[in-house]
Amino acid sequence: DALEEALQSSCYNLPELGGRTAILVDLSGSMASRISLKSTIKLREIASLFGVLVKKMGGQNAFLLPFGTQTEIVNLLSRGSILGAVEKVQGMVLGGNTFLHLPLELMIQEQINVDRIIIFSDMQVYDSNRGSYPGMDMGLAHKATERYKRKINPKVWIHSVDLAGYGTSQIAPNGRLNLISGWHDSILNYIKLVEDGLDNQIKSIEGGFNKKGEC
């Protein structure tokens with residue numbers, strides 16, 4: 001239908017991130033919340049859509065790991081329906097808790113070496129071991145991230161997308177960490193700009209001024 005065709009077309013307009021990507025999609029209980037009081041769309045639907053689009057774009061170089069109380073690696077048909085894939089992911093029953101450390105530990109166990117990890121979540125991460133950073137949960141998720149860096153890839157980028165816009169994070173600001181609050185269809189463009197470096201971000205902004213004369 002028209003929506004499926006629009007989503008398929010959008011894949012061609014997404015930026016090529018390059019390398020290998022892991023996409024962690026939060027399907028915990030809190031992700032059943034609506035994105036606003038005036039909307040019927042749920043956070044888990046947004047997270048699943050972004051997860052599927054990045055997976056489709058990356059193909060065999062992308063790894064999709066939904067998580068809740070459990071986690072698993074999900075394979076999608078490369079030429080299958082995007083809407084069907086979104087329904088498959090967001091309909092998974094993985095438990096109501098937000099155990100972000102589980103997909104990270106599964107990646108360590110399976111020796112999945114990626115250039116970036118993108119997390120789509122409301123960042124309400126369950127963990128009884130809280131750290132000293134205001135608004136940050138520095139327990140299991142942070143420790144799993146650090147283990148991944150030590151054992152698999154010390155140069156991995158972590159892009160943490162707080163879809164609910166709460167302004168919270170579960171990982172300390174250390175190294176290649178990009179914190180994004182809220183969501184927009186240009187998130188992937190921004191992720192590429194961040195990885196490309198500050199100079200390219202400035203050039204992109206200047207290019208916008210040159211084309212439009214204003215922001």
# chains A, B, ... in the order shown; residues from 1 in each chain; ligands from 1

$ residues_around --residues "segment 83-94 of chain A" --least-positions-apart "4" --cutoff "12 Å" --atoms "only C-alpha atoms" --output "PyMOL selection string"
chain A and resi 1-8+24-29+31-32+41-56+64-79+98-99+102-103

$ residues_around --residues "Ser181 of chain A" --least-positions-apart "6" --cutoff "7 Å" --atoms "only C-alpha atoms" --output "PyMOL selection string"
chain A and resi 161-163+165+167

$ select_by_dssp --residues "segment 14-104 of chain A" --states "helix (DSSP H, G or I)" --output "PyMOL selection string"
chain A and resi 29-32+43-61+82-90+101-104

$ residues_around --residues "Arg176 of chain A" --least-positions-apart "3" --cutoff "9 Å" --atoms "only C-alpha atoms" --output "VMD selection string"
chain A and resid 155 to 159 173 195

$ select_by_dssp --residues "segment 22-192 of chain A" --states "strand (DSSP E or B)" --output "VMD selection string"
chain A and resid 22 to 26 34 42 62 to 67 71 74 116 to 121 136 157 to 162 169 177 to 181

$ write_last_selection --atoms "N, CA, C and O atoms" --output "short mmCIF file (atom, residue, chain, number, x, y, z; two decimals), in the first residue's frame"
data_model
loop_
_atom_site.label_atom_id
_atom_site.label_comp_id
_atom_site.auth_asym_id
_atom_site.auth_seq_id
_atom_site.Cartn_x
_atom_site.Cartn_y
_atom_site.Cartn_z
N ALA A 22 25.03 -2.50 15.28
CA ALA A 22 24.10 -3.23 16.14
C ALA A 22 23.00 -2.27 16.55
O ALA A 22 23.26 -1.12 16.92
N ILE A 23 21.75 -2.72 16.45
CA ILE A 23 20.60 -1.90 16.81
C ILE A 23 19.89 -2.56 17.98
O ILE A 23 19.38 -3.68 17.86
N LEU A 24 19.84 -1.87 19.11
CA LEU A 24 19.22 -2.38 20.32
C LEU A 24 17.87 -1.69 20.49
O LEU A 24 17.81 -0.46 20.65
N VAL A 25 16.79 -2.48 20.42
CA VAL A 25 15.43 -1.93 20.46
C VAL A 25 14.75 -2.33 21.77
O VAL A 25 14.57 -3.51 22.06
N ASP A 26 14.37 -1.33 22.55
CA ASP A 26 13.74 -1.52 23.84
C ASP A 26 12.26 -1.88 23.65
O ASP A 26 11.49 -1.11 23.10
N ARG A 34 2.44 6.02 25.04
CA ARG A 34 2.25 6.79 23.82
C ARG A 34 3.28 7.92 23.74
O ARG A 34 3.76 8.41 24.77
N LYS A 42 2.88 4.40 19.88
CA LYS A 42 3.63 4.02 21.07
C LYS A 42 5.13 4.10 20.83
O LYS A 42 5.61 3.98 19.70
N ALA A 62 24.30 -5.55 9.69
CA ALA A 62 23.52 -4.96 10.78
C ALA A 62 22.91 -6.08 11.62
O ALA A 62 22.47 -7.11 11.09
N PHE A 63 22.88 -5.86 12.93
CA PHE A 63 22.40 -6.87 13.87
C PHE A 63 21.31 -6.24 14.72
O PHE A 63 21.55 -5.25 15.42
N LEU A 64 20.12 -6.82 14.66
CA LEU A 64 18.95 -6.27 15.36
C LEU A 64 18.70 -7.08 16.63
O LEU A 64 18.43 -8.28 16.56
N LEU A 65 18.77 -6.40 17.79
CA LEU A 65 18.61 -7.08 19.06
C LEU A 65 17.55 -6.39 19.91
O LEU A 65 17.84 -5.47 20.68
N PRO A 66 16.28 -6.79 19.79
CA PRO A 66 15.26 -6.29 20.71
C PRO A 66 15.52 -6.84 22.11
O PRO A 66 16.09 -7.93 22.27
N PHE A 67 15.09 -6.10 23.14
CA PHE A 67 15.35 -6.57 24.50
C PHE A 67 14.26 -6.09 25.46
O PHE A 67 13.55 -5.12 25.21
N THR A 71 16.50 -11.15 25.62
CA THR A 71 16.94 -10.56 24.34
C THR A 71 17.21 -11.66 23.34
O THR A 71 17.37 -12.84 23.72
N VAL A 74 17.43 -10.90 15.93
CA VAL A 74 16.32 -11.10 15.01
C VAL A 74 16.81 -10.97 13.56
O VAL A 74 17.47 -9.99 13.21
N ARG A 116 29.43 0.52 15.48
CA ARG A 116 28.54 1.38 16.26
C ARG A 116 27.41 0.55 16.87
O ARG A 116 26.98 -0.46 16.29
N ILE A 117 26.93 1.02 18.00
CA ILE A 117 25.76 0.45 18.65
C ILE A 117 24.74 1.57 18.79
O ILE A 117 25.04 2.61 19.40
N ILE A 118 23.56 1.39 18.21
CA ILE A 118 22.50 2.39 18.31
C ILE A 118 21.40 1.84 19.22
O ILE A 118 20.88 0.75 18.97
N ILE A 119 21.07 2.58 20.26
CA ILE A 119 20.07 2.15 21.23
C ILE A 119 18.83 3.02 21.08
O ILE A 119 18.91 4.24 21.22
N PHE A 120 17.68 2.39 20.82
CA PHE A 120 16.41 3.11 20.78
C PHE A 120 15.59 2.70 22.00
O PHE A 120 15.13 1.57 22.11
N SER A 121 15.41 3.64 22.92
CA SER A 121 14.82 3.31 24.22
C SER A 121 14.26 4.57 24.87
O SER A 121 14.53 5.69 24.42
N MET A 136 21.91 9.50 35.63
CA MET A 136 22.50 8.36 34.93
C MET A 136 22.51 7.11 35.80
O MET A 136 22.76 7.18 36.99
N TRP A 157 31.39 3.19 18.53
CA TRP A 157 30.53 4.34 18.81
C TRP A 157 29.27 3.84 19.50
O TRP A 157 28.68 2.83 19.11
N ILE A 158 28.82 4.56 20.54
CA ILE A 158 27.56 4.28 21.21
C ILE A 158 26.64 5.47 20.96
O ILE A 158 26.92 6.58 21.40
N HIS A 159 25.54 5.23 20.25
CA HIS A 159 24.54 6.27 20.01
C HIS A 159 23.29 5.92 20.82
O HIS A 159 22.59 4.96 20.50
N SER A 160 23.04 6.68 21.86
CA SER A 160 21.95 6.40 22.78
C SER A 160 20.80 7.36 22.51
O SER A 160 20.89 8.55 22.81
N VAL A 161 19.70 6.83 21.95
CA VAL A 161 18.57 7.67 21.55
C VAL A 161 17.45 7.53 22.59
O VAL A 161 16.81 6.48 22.70
N ASP A 162 17.25 8.59 23.37
CA ASP A 162 16.19 8.63 24.38
C ASP A 162 14.91 9.10 23.70
O ASP A 162 14.65 10.29 23.60
N SER A 169 20.33 8.94 30.82
CA SER A 169 21.24 8.06 30.12
C SER A 169 21.67 6.96 31.07
O SER A 169 21.52 7.08 32.29
N LEU A 177 30.64 8.47 22.73
CA LEU A 177 29.25 8.37 23.17
C LEU A 177 28.46 9.56 22.66
O LEU A 177 28.85 10.71 22.85
N ASN A 178 27.36 9.29 21.99
CA ASN A 178 26.49 10.32 21.43
C ASN A 178 25.11 10.18 22.05
O ASN A 178 24.42 9.19 21.83
N LEU A 179 24.69 11.17 22.85
CA LEU A 179 23.39 11.14 23.51
C LEU A 179 22.39 11.98 22.72
O LEU A 179 22.62 13.16 22.46
N ILE A 180 21.28 11.37 22.35
CA ILE A 180 20.23 12.06 21.59
C ILE A 180 18.93 11.97 22.39
O ILE A 180 18.53 10.88 22.81
N SER A 181 18.28 13.11 22.60
CA SER A 181 17.02 13.14 23.35
C SER A 181 15.88 13.49 22.40
O SER A 181 15.93 14.49 21.69
#
